[in-house]
$ cat final_4.csv   # CSV, C-alpha atoms
chain,number,residue,atom,x,y,z
F,12,MET,CA,114.3,87.4,86.4
F,13,ALA,CA,115.1,89.2,89.6
F,14,ARG,CA,117.7,87.6,91.8
F,15,ILE,CA,119.1,88.0,95.3
F,16,ILE,CA,122.8,88.6,95.0
F,17,ALA,CA,123.8,89.2,98.6
F,18,GLY,CA,122.8,89.9,102.2
F,19,VAL,CA,124.0,92.4,104.6
F,20,THR,CA,123.5,92.6,108.3
F,21,THR,CA,124.3,95.6,110.5
F,22,SER,CA,123.4,97.2,113.8
F,23,HIS,CA,121.4,100.4,113.5
F,24,VAL,CA,122.3,102.4,116.6
F,25,PRO,CA,120.7,105.9,116.5
F,26,ALA,CA,123.9,107.5,117.9
F,27,ILE,CA,125.7,106.4,114.7
F,28,GLY,CA,123.2,108.5,112.7
F,29,ALA,CA,123.8,111.4,115.0
F,30,ALA,CA,127.6,111.1,114.7
F,31,LEU,CA,127.3,111.2,110.9
F,32,ASP,CA,124.7,114.0,110.8
F,33,LEU,CA,126.8,116.2,113.2
F,34,GLY,CA,130.1,115.5,111.4
F,35,LYS,CA,131.8,113.6,114.2
F,36,THR,CA,132.9,110.5,112.2
F,37,ALA,CA,136.6,111.4,112.5
F,38,GLU,CA,136.5,111.7,116.3
F,39,PRO,CA,138.5,109.1,118.1
F,40,TYR,CA,135.4,107.5,119.6
F,41,TRP,CA,133.7,107.0,116.2
F,42,GLN,CA,136.6,106.7,113.8
F,43,PRO,CA,137.1,102.9,114.4
F,44,LEU,CA,133.4,102.2,113.8
F,45,PHE,CA,133.2,104.1,110.5
F,46,ALA,CA,136.5,102.6,109.4
F,47,GLY,CA,134.8,99.2,109.7
F,48,TYR,CA,132.4,100.1,107.0
F,49,GLU,CA,135.0,101.4,104.4
F,50,PHE,CA,135.3,97.9,102.8
F,51,SER,CA,131.5,97.7,102.6
F,52,LYS,CA,131.0,101.1,100.9
F,53,ARG,CA,133.5,100.1,98.2
F,54,TRP,CA,131.9,96.6,97.9
F,55,ILE,CA,128.4,98.0,97.5
F,56,ALA,CA,129.5,100.6,94.9
F,57,GLU,CA,130.7,97.7,92.8
F,58,GLN,CA,127.7,95.5,93.4
F,59,LYS,CA,125.2,98.3,92.5
F,60,PRO,CA,122.0,96.7,93.8
F,61,ASP,CA,118.8,97.8,92.1
F,62,VAL,CA,116.6,97.2,95.2
F,63,VAL,CA,117.3,96.5,98.8
F,64,VAL,CA,114.7,94.7,100.9
F,65,LEU,CA,115.6,96.3,104.2
F,66,VAL,CA,114.5,94.4,107.3
F,67,TYR,CA,114.4,96.6,110.4
F,68,ASN,CA,112.3,97.5,113.3
F,69,ASP,CA,110.4,100.6,114.0
F,70,HIS,CA,111.1,102.2,117.4
F,71,ALA,CA,107.7,103.7,118.2
F,72,SER,CA,108.0,106.1,115.2
F,73,ALA,CA,105.6,104.9,112.5
F,74,PHE,CA,103.8,102.4,114.8
F,75,SER,CA,102.8,103.4,118.3
F,76,LEU,CA,100.7,101.0,120.5
F,77,GLU,CA,97.6,101.8,118.4
F,78,LEU,CA,98.7,99.3,115.7
F,79,ILE,CA,101.4,96.7,116.1
F,80,PRO,CA,102.0,94.6,112.9
F,81,THR,CA,104.3,91.7,113.3
F,82,PHE,CA,105.6,91.9,109.7
F,83,ALA,CA,104.8,95.1,107.7
F,84,ILE,CA,106.0,95.6,104.1
F,85,GLY,CA,106.2,99.2,102.7
F,86,CYS,CA,104.5,99.4,99.3
F,87,ALA,CA,104.6,103.2,98.9
F,88,GLU,CA,106.5,105.2,96.2
F,89,SER,CA,108.6,106.9,98.9
F,90,PHE,CA,109.1,107.0,102.7
F,91,ALA,CA,110.1,110.1,104.7
F,92,PRO,CA,112.7,110.1,107.5
F,93,ALA,CA,110.7,110.2,110.8
F,94,ASP,CA,110.9,112.8,113.5
F,95,GLU,CA,112.0,110.7,116.5
F,96,GLY,CA,111.9,113.6,119.0
F,97,TRP,CA,114.7,115.8,117.8
F,98,GLY,CA,113.6,116.5,114.2
F,99,PRO,CA,114.0,114.1,111.2
F,100,ARG,CA,117.5,113.0,110.2
F,101,PRO,CA,118.9,115.2,107.4
F,102,VAL,CA,119.0,112.3,104.9
F,103,PRO,CA,117.3,111.8,101.6
F,104,ALA,CA,113.8,110.4,101.4
F,105,VAL,CA,113.7,106.7,100.7
F,106,GLN,CA,112.4,105.7,97.2
F,107,GLY,CA,110.4,102.5,97.3
F,108,HIS,CA,109.7,99.9,94.6
F,109,PRO,CA,106.0,99.5,94.8
F,110,GLU,CA,105.7,96.9,92.1
F,111,LEU,CA,108.2,94.5,93.6
F,112,ALA,CA,107.0,95.2,97.1
F,113,TRP,CA,103.4,94.3,96.1
F,114,HIS,CA,104.7,91.2,94.4
F,115,ILE,CA,106.5,90.1,97.6
F,116,ALA,CA,103.5,90.9,99.7
F,117,GLN,CA,101.2,88.8,97.4
F,118,SER,CA,103.6,85.9,97.1
F,119,THR,CA,104.4,85.7,100.8
F,120,ILE,CA,100.7,86.0,101.9
F,121,LEU,CA,99.9,83.1,99.5
F,122,ASP,CA,102.8,81.3,101.2
F,123,GLU,CA,100.9,81.7,104.5
F,124,PHE,CA,102.8,84.7,105.9
F,125,ASP,CA,100.2,87.2,107.0
F,126,MET,CA,101.9,90.4,105.9
F,127,THR,CA,100.6,93.9,106.7
F,128,ILE,CA,100.7,96.1,103.7
F,129,VAL,CA,101.7,99.7,104.4
F,130,ASN,CA,101.1,102.6,101.9
F,131,ARG,CA,102.2,105.4,104.2
F,132,MET,CA,105.0,105.2,106.7
F,133,ASP,CA,107.8,107.3,108.0
F,134,VAL,CA,111.1,105.4,108.5
F,135,ASP,CA,113.2,105.9,111.5
F,136,HIS,CA,116.9,105.3,112.4
F,137,GLY,CA,116.3,101.5,112.2
F,138,LEU,CA,116.2,101.9,108.4
F,139,THR,CA,118.2,105.1,107.7
F,140,VAL,CA,121.3,104.4,109.8
F,141,PRO,CA,122.1,101.2,107.8
F,142,LEU,CA,121.7,103.1,104.5
F,143,SER,CA,124.1,105.8,105.8
F,144,LEU,CA,126.6,103.2,106.9
F,145,MET,CA,126.6,101.4,103.6
F,146,PHE,CA,126.2,104.4,101.2
F,147,GLY,CA,127.6,107.4,103.2
F,148,GLN,CA,126.0,110.7,102.7
F,149,PRO,CA,124.7,111.0,99.1
F,150,ALA,CA,122.2,113.6,97.9
F,151,ALA,CA,119.9,110.7,97.0
F,152,TRP,CA,120.1,107.0,97.9
F,153,PRO,CA,121.5,105.1,95.0
F,154,CYS,CA,118.9,102.3,94.9
F,155,LYS,CA,115.3,101.6,95.6
F,156,VAL,CA,114.4,100.3,99.1
F,157,ILE,CA,111.5,98.1,100.3
F,158,PRO,CA,111.1,98.6,104.0
F,159,LEU,CA,110.1,95.5,105.9
F,160,ALA,CA,109.3,96.4,109.5
F,161,VAL,CA,109.3,93.6,112.1
F,162,ASN,CA,107.8,94.0,115.6
F,163,VAL,CA,110.5,93.4,118.2
F,164,VAL,CA,109.1,96.0,120.7
F,165,GLN,CA,105.9,94.4,122.0
F,166,TYR,CA,106.2,90.8,123.2
F,167,PRO,CA,106.0,88.3,121.8
F,168,PRO,CA,108.0,89.2,118.7
F,169,PRO,CA,108.1,86.6,115.9
F,170,THR,CA,110.3,83.6,116.6
F,171,GLY,CA,113.7,83.2,114.9
F,172,ASN,CA,112.3,80.2,113.0
F,173,ARG,CA,109.4,82.3,111.6
F,174,CYS,CA,111.8,85.0,110.5
F,175,TYR,CA,114.1,82.5,108.8
F,176,HIS,CA,111.2,81.0,106.9
F,177,LEU,CA,109.9,84.4,105.9
F,178,GLY,CA,113.3,85.0,104.4
F,179,ARG,CA,112.9,81.9,102.4
F,180,ALA,CA,109.5,83.0,101.2
F,181,ILE,CA,111.0,86.4,100.2
F,182,ARG,CA,113.6,84.6,98.2
F,183,LYS,CA,110.9,82.6,96.4
F,184,ALA,CA,109.0,85.8,95.7
F,185,VAL,CA,112.0,87.7,94.4
F,186,GLU,CA,113.0,84.9,92.1
F,187,SER,CA,109.5,84.8,90.5
F,188,TYR,CA,109.6,88.5,89.7
F,189,PRO,CA,110.0,88.8,85.9
F,190,GLU,CA,112.1,92.0,85.7
F,191,ASP,CA,115.9,91.5,85.7
F,192,LEU,CA,116.8,93.1,89.0
F,193,LYS,CA,119.7,92.8,91.4
F,194,VAL,CA,118.2,92.5,94.9
F,195,MET,CA,119.8,92.5,98.3
F,196,VAL,CA,118.2,91.6,101.6
F,197,TRP,CA,119.5,93.4,104.7
F,198,GLY,CA,118.9,92.4,108.3
F,199,THR,CA,119.5,95.1,110.8
F,200,GLY,CA,119.5,95.7,114.5
F,201,GLY,CA,121.5,93.9,117.3
F,202,MET,CA,124.0,92.8,118.3
F,203,SER,CA,124.1,92.4,122.1
F,204,HIS,CA,122.7,95.4,123.9
F,205,GLN,CA,120.3,96.4,126.6
F,206,LEU,CA,118.9,99.9,126.8
F,207,GLN,CA,116.7,99.7,129.8
F,208,GLY,CA,116.7,99.2,133.6
F,209,PRO,CA,119.6,98.5,136.0
F,210,ARG,CA,121.0,95.9,133.6
F,211,ALA,CA,121.5,98.5,130.8
F,212,GLY,CA,124.9,98.3,129.0
F,213,LEU,CA,125.0,94.5,128.8
F,214,ILE,CA,127.4,93.3,126.1
F,215,ASN,CA,128.2,89.7,125.3
F,216,ARG,CA,131.0,89.4,122.8
F,217,GLU,CA,131.1,85.6,123.1
F,218,PHE,CA,127.4,85.2,122.1
F,219,ASP,CA,127.8,87.7,119.3
F,220,THR,CA,130.9,86.0,117.9
F,221,ALA,CA,129.1,82.6,117.9
F,222,PHE,CA,126.0,84.2,116.3
F,223,LEU,CA,128.2,85.7,113.5
F,224,ASP,CA,129.9,82.3,113.0
F,225,ARG,CA,126.7,80.4,112.9
F,226,LEU,CA,124.9,82.8,110.6
F,227,THR,CA,126.8,81.3,107.7
F,228,SER,CA,127.4,77.7,109.0
F,229,ASP,CA,124.3,76.9,111.0
F,230,PRO,CA,121.4,79.2,110.4
F,231,GLU,CA,118.8,76.6,111.1
F,232,GLY,CA,120.3,76.0,114.5
F,233,LEU,CA,120.3,79.7,115.2
F,234,ALA,CA,116.7,79.9,114.2
F,235,LYS,CA,115.9,77.6,117.2
F,236,ILE,CA,117.2,80.0,119.8
F,237,PRO,CA,114.2,80.9,122.1
F,238,HIS,CA,113.4,84.5,122.9
F,239,VAL,CA,114.4,84.1,126.5
F,240,ASP,CA,117.9,83.1,125.5
F,241,TYR,CA,118.3,86.3,123.4
F,242,VAL,CA,117.3,88.4,126.4
F,243,ARG,CA,119.4,86.5,128.8
F,244,GLU,CA,122.6,86.3,126.7
F,245,ALA,CA,122.3,89.4,124.4
F,246,GLY,CA,120.3,91.8,126.5
F,247,SER,CA,116.7,92.9,126.1
F,248,GLU,CA,117.3,94.7,122.8
F,249,GLY,CA,119.5,91.9,121.5
F,250,ILE,CA,116.2,90.3,120.5
F,251,GLU,CA,116.5,92.4,117.3
F,252,LEU,CA,118.8,89.7,116.1
F,253,VAL,CA,115.8,87.6,115.0
F,254,MET,CA,115.7,90.1,112.0
F,255,TRP,CA,119.1,88.9,110.8
F,256,LEU,CA,117.5,85.5,110.2
F,257,ILE,CA,115.1,87.0,107.6
F,258,MET,CA,118.2,88.0,105.6
F,259,ARG,CA,119.8,84.6,106.1
F,260,GLY,CA,116.7,82.7,105.0
F,261,ALA,CA,116.6,84.8,101.8
F,262,LEU,CA,120.1,83.6,100.8
F,263,ALA,CA,121.2,80.2,99.5
F,264,LYS,CA,122.2,77.6,102.1
F,265,ASP,CA,125.8,77.7,100.8
F,266,ALA,CA,126.1,81.5,100.8
F,267,ARG,CA,129.6,82.6,101.8
F,268,GLU,CA,130.8,85.2,104.3
F,269,VAL,CA,132.8,87.9,102.4
F,270,TYR,CA,133.2,90.5,105.2
F,271,ARG,CA,132.8,90.8,109.0
F,272,PHE,CA,133.2,93.6,111.4
F,273,TYR,CA,132.6,93.8,115.2
F,274,HIS,CA,133.1,96.7,117.4
F,275,VAL,CA,132.2,97.7,121.0
F,276,PRO,CA,130.8,100.2,121.8
F,277,ALA,CA,128.6,102.5,119.8
F,278,SER,CA,126.8,104.3,122.6
F,279,ASN,CA,125.1,101.3,124.4
F,280,THR,CA,125.5,98.7,121.8
F,281,ALA,CA,127.8,96.1,120.3
F,282,VAL,CA,128.0,96.7,116.5
F,283,GLY,CA,128.1,93.7,114.3
F,284,HIS,CA,128.2,93.8,110.5
F,285,MET,CA,128.4,91.0,108.0
F,286,ILE,CA,128.2,90.6,104.2
F,287,LEU,CA,127.1,87.3,102.7
F,288,GLU,CA,127.2,86.6,98.9
F,289,ASN,CA,125.2,83.9,97.1
F,290,ALA,CA,127.5,81.6,95.3
D,13,MET,CA,101.8,81.5,127.4
D,14,THR,CA,102.2,81.7,131.2
D,15,ASP,CA,105.4,79.8,131.1
D,16,TYR,CA,106.6,81.9,128.2
D,17,ASN,CA,106.1,85.1,130.1
D,18,GLU,CA,107.3,83.8,133.4
D,19,ALA,CA,110.6,82.6,132.0
D,20,PHE,CA,111.8,86.2,131.5
D,21,LYS,CA,111.3,87.1,135.1
D,22,ASP,CA,114.4,85.2,136.1
D,23,ILE,CA,116.5,87.7,134.2
D,24,PRO,CA,117.7,90.5,136.6
D,25,GLY,CA,117.3,94.2,136.0
D,26,THR,CA,115.0,93.7,133.1
D,27,VAL,CA,111.3,94.3,132.4
D,28,VAL,CA,109.9,92.6,129.3
D,29,PHE,CA,107.3,94.6,127.5
D,30,ASP,CA,104.6,91.9,127.5
D,31,ALA,CA,100.8,92.1,127.3
D,32,THR,CA,100.5,93.0,131.1
D,33,GLN,CA,103.0,95.9,130.8
D,34,SER,CA,101.5,97.1,127.5
D,35,ARG,CA,98.0,97.4,129.0
D,36,LEU,CA,99.4,99.0,132.2
D,37,GLY,CA,101.4,101.6,130.2
D,38,TYR,CA,99.2,102.3,127.3
D,39,HIS,CA,98.4,106.0,128.1
D,40,LEU,CA,101.9,106.7,129.5
D,41,ASN,CA,103.4,105.4,126.2
D,42,MET,CA,100.9,107.3,124.1
D,43,PHE,CA,101.8,110.5,126.0
D,44,CYS,CA,105.4,109.8,125.0
D,45,MET,CA,104.3,109.2,121.4
D,46,SER,CA,102.8,112.7,121.4
D,47,LEU,CA,106.3,114.1,121.8
D,48,MET,CA,107.1,113.2,118.2
D,49,LYS,CA,105.5,116.5,117.2
D,50,ALA,CA,107.5,119.7,117.8
D,51,GLU,CA,104.4,121.7,118.9
D,52,ASN,CA,103.6,119.0,121.5
D,53,ARG,CA,107.2,119.1,122.8
D,54,ALA,CA,106.9,122.9,123.2
D,55,ALA,CA,103.6,122.5,125.0
D,56,PHE,CA,105.0,119.9,127.4
D,57,LYS,CA,108.0,122.1,128.2
D,58,ALA,CA,105.8,125.1,128.8
D,59,GLY,CA,103.8,123.3,131.5
D,60,GLU,CA,104.6,119.7,132.2
D,61,ARG,CA,101.9,119.0,134.8
D,62,ALA,CA,99.2,120.6,132.7
D,63,TYR,CA,100.3,118.7,129.6
D,64,LEU,CA,100.3,115.4,131.4
D,65,GLU,CA,96.7,116.0,132.5
D,66,ARG,CA,95.6,115.6,128.9
D,67,PHE,CA,96.4,111.9,129.1
D,68,PRO,CA,94.4,109.5,131.3
D,69,MET,CA,97.4,108.2,133.1
D,70,SER,CA,97.6,107.2,136.8
D,71,ALA,CA,98.9,109.8,139.3
D,72,GLU,CA,101.9,107.5,139.9
D,73,GLN,CA,102.8,107.5,136.2
D,74,ARG,CA,102.5,111.3,136.1
D,75,GLU,CA,104.8,111.7,139.1
D,76,ALA,CA,107.3,109.3,137.6
D,77,VAL,CA,107.4,111.4,134.5
D,78,LEU,CA,107.8,114.6,136.4
D,79,ALA,CA,110.7,113.1,138.4
D,80,ARG,CA,112.2,111.6,135.2
D,81,ASP,CA,112.4,108.3,137.1
D,82,TYR,CA,112.8,106.0,134.2
D,83,ASN,CA,113.0,102.7,136.1
D,84,ARG,CA,109.7,103.7,137.8
D,85,MET,CA,108.2,104.5,134.5
D,86,ILE,CA,109.2,101.1,133.1
D,87,SER,CA,107.7,99.4,136.1
D,88,LEU,CA,104.5,101.3,135.5
D,89,GLY,CA,104.3,100.0,131.9
D,90,GLY,CA,106.6,102.4,130.1
D,91,ASN,CA,108.5,101.0,127.2
D,92,ILE,CA,112.1,102.3,126.7
D,93,TYR,CA,111.6,103.3,123.0
D,94,PHE,CA,108.6,105.5,124.0
D,95,LEU,CA,110.3,106.8,127.1
D,96,ALA,CA,113.3,107.8,125.1
D,97,LYS,CA,111.1,110.5,123.5
D,98,ILE,CA,111.0,112.3,126.9
D,99,GLY,CA,114.8,112.1,127.0
D,100,ALA,CA,115.0,113.5,123.5
D,101,THR,CA,112.6,116.4,124.5
D,102,ASP,CA,114.9,117.1,127.4
D,103,GLY,CA,117.9,117.1,125.0
D,104,PHE,CA,119.5,113.9,126.5
D,105,SER,CA,121.1,111.0,124.6
D,106,PHE,CA,120.1,107.4,125.1
D,107,GLN,CA,123.4,106.9,126.9
D,108,ASN,CA,122.4,109.6,129.4
D,109,LEU,CA,119.1,107.8,130.0
D,110,ALA,CA,121.0,104.5,130.5
D,111,SER,CA,123.3,106.1,133.1
D,112,LYS,CA,120.2,107.3,134.9
D,113,MET,CA,118.6,103.9,134.9
D,114,THR,CA,121.8,102.2,136.1
D,115,GLY,CA,122.4,104.8,138.9
D,116,VAL,CA,125.8,105.9,137.8
D,117,SER,CA,127.2,109.1,136.3
D,118,GLU,CA,127.1,109.5,132.5
D,119,GLU,CA,130.9,109.5,132.5
D,120,ALA,CA,131.1,106.3,134.5
D,121,TYR,CA,128.5,104.6,132.3
D,122,ARG,CA,130.4,105.7,129.2
D,123,GLY,CA,133.6,104.3,130.7
D,124,MET,CA,131.9,101.0,131.4
D,125,MET,CA,130.9,100.8,127.7
D,126,LEU,CA,134.3,101.7,126.5
D,127,ALA,CA,135.7,98.9,128.6
D,128,GLY,CA,133.5,96.4,126.9
D,129,GLY,CA,130.2,96.9,128.6
D,130,ARG,CA,128.4,95.1,131.4
D,131,PRO,CA,129.4,91.4,131.4
D,132,ALA,CA,126.8,88.7,130.8
D,133,GLN,CA,128.6,86.7,133.5
D,134,GLY,CA,126.7,87.3,136.8
D,135,ASN,CA,123.8,89.0,135.0
D,136,ARG,CA,122.1,86.1,133.3
D,137,SER,CA,119.8,84.9,136.1
D,138,ARG,CA,118.6,86.1,139.5
D,139,SER,CA,120.2,83.0,140.9
D,140,ASP,CA,123.7,84.0,139.6
D,141,PRO,CA,126.1,84.1,142.6
D,142,ALA,CA,127.4,87.5,141.6
D,143,LEU,CA,124.1,89.2,142.4
$ encode --input "final_4.csv" --output "structure tokens"
Amino acid sequence: MARIIAGVTTSHVPAIGAALDLGKTAEPYWQPLFAGYEFSKRWIAEQKPDVVVLVYNDHASAFSLELIPTFAIGCAESFAPADEGWGPRPVPAVQGHPELAWHIAQSTILDEFDMTIVNRMDVDHGLTVPLSLMFGQPAAWPCKVIPLAVNVVQYPPPTGNRCYHLGRAIRKAVESYPEDLKVMVWGTGGMSHQLQGPRAGLINREFDTAFLDRLTSDPEGLAKIPHVDYVREAGSEGIELVMWLIMRGALAKDAREVYRFYHVPASNTAVGHMILENA
Amino acid sequence: MTDYNEAFKDIPGTVVFDATQSRLGYHLNMFCMSLMKAENRAAFKAGERAYLERFPMSAEQREAVLARDYNRMISLGGNIYFLAKIGATDGFSFQNLASKMTGVSEEAYRGMMLAGGRPAQGNRSRSDPAL
């Protein structure tokens, strides 16, 4: 049977992708950030997941205002890096796992989550930056990836509670898949940041630290945080943190923290990263 | 729903992209979306005013784009992820746009971020004493 072995959360700042693609990782500004992922790169090389369900948000790349799915699961064979205005990132195409993706789609829909099924979708920095942070710059990504795009651009986004429960439904789906696969669920975006208006640049280390602590110890309490509190405390784009709760819901209640990294700033953003393993 | 949307208005310096903003900014944002294609970026650069005429935006929205007044574009329904495509077309980073929206030099903005960013204290509510 397939099983979920671990969860990863990480910010997905576009400037991190640019720093990697332009060979700036050793610069003093970026070096501490990339150093924070060295453990994770070694860890994932040992874990060797077969599939990553990668929860992220599209930033007006695949989805404009013409179509705004709350939860969209990528069921295609492969996904190309998106051109976000300065040409696509020079990273490998993402290979999907259509059979497992369809299985998750069917199972979660029957569990009353109204998933949108996507058969053609370019993937932007929200998905490719976490892959780069965890795997570096290989010629091909070492595992299959199922993109799960969450709307956090158009209000209202899904509630934290809905995200947490979707995670639980994903776990149920994965555990009912007959093939013996090692699956990870990643939640990306965050942590505190605001990209727009006179309040741009907001960072709240205290909120972020508490969020990281409670992700292991009190996820159900975290799932109750209303949207307005995310915006107030973590900035307008800090709302992306609801996606971390999908990862958390997909893991066991007693999952344990094996690694944590927090760094300010990457461009406009507080970078948070955590690895949780199922017992 | 009214209470849900209203609650965000207490947060200073922030426009939440709700249904009202989305309806107001639809064509402005779809113009930005067109800049995902290299040929459209070239056409926009070759004649900004003429290119903007292709989209049924308000005169105010067109002027805000030409002036690269991002806060104005946001107030007229622009969403930052869409507007960032104008910045990318101009060759500017997100951090550069943020400095423009906060009214400081890019160097000063970068310095603020390196020093830990803008504090939440004093920026949570319009009734915060620091404002």
$ closest_residue --input "final_4.csv" --among "D:Arg122, D:Arg136, D:Lys97, D:Lys112" --to "Cys44 (chain D)" --atoms "all atoms listed in the file"
D:Lys97
$ closest_residue --input "final_4.csv" --among "D:Ala96, D:Met13, D:Met48, D:Leu40" --to "chain F" --atoms "all atoms listed in the file"
D:Met48
$ atom_distance --input "final_4.csv" --atom1 "CA of Gly129 (chain D)" --atom2 "CA of Arg243 (chain F)"
15.0 Å
$ residues_around --input "final_4.csv" --residues "Met45 (chain D)" --least-positions-apart "5" --cutoff "10 Å" --atoms "only C-alpha atoms" --output "PyMOL selection string"
(chain F and resi 71-76+95-96) or (chain D and resi 39-40+52+93-98)
$ interface_residues --input "final_4.csv" --of "chain F" --to "chain D" --cutoff "9 Å" --atoms "all atoms listed in the file" --output "JSON, numbers by chain"
{"F": [25, 26, 70, 71, 72, 75, 76, 77, 93, 94, 95, 96, 97, 98, 164, 165, 166, 167, 204, 205, 206, 207, 208, 209, 210, 211, 212, 213, 214, 215, 216, 238, 239, 242, 243, 244, 245, 246, 247, 275, 276, 277, 278, 279, 280, 281]}
$ atom_distance --input "final_4.csv" --atom1 "CA of Lys264 (chain F)" --atom2 "CA of Glu57 (chain F)"
23.7 Å
$ atom_distance --input "final_4.csv" --atom1 "CA of Ala37 (chain F)" --atom2 "CA of His136 (chain F)"
20.6 Å
$ residues_around --input "final_4.csv" --residues "region 103-116 of chain F" --least-positions-apart "5" --cutoff "7 Å" --atoms "only C-alpha atoms" --output "ChimeraX atom specification"
/F:84-92,126,150-152,155-157,181,184-185
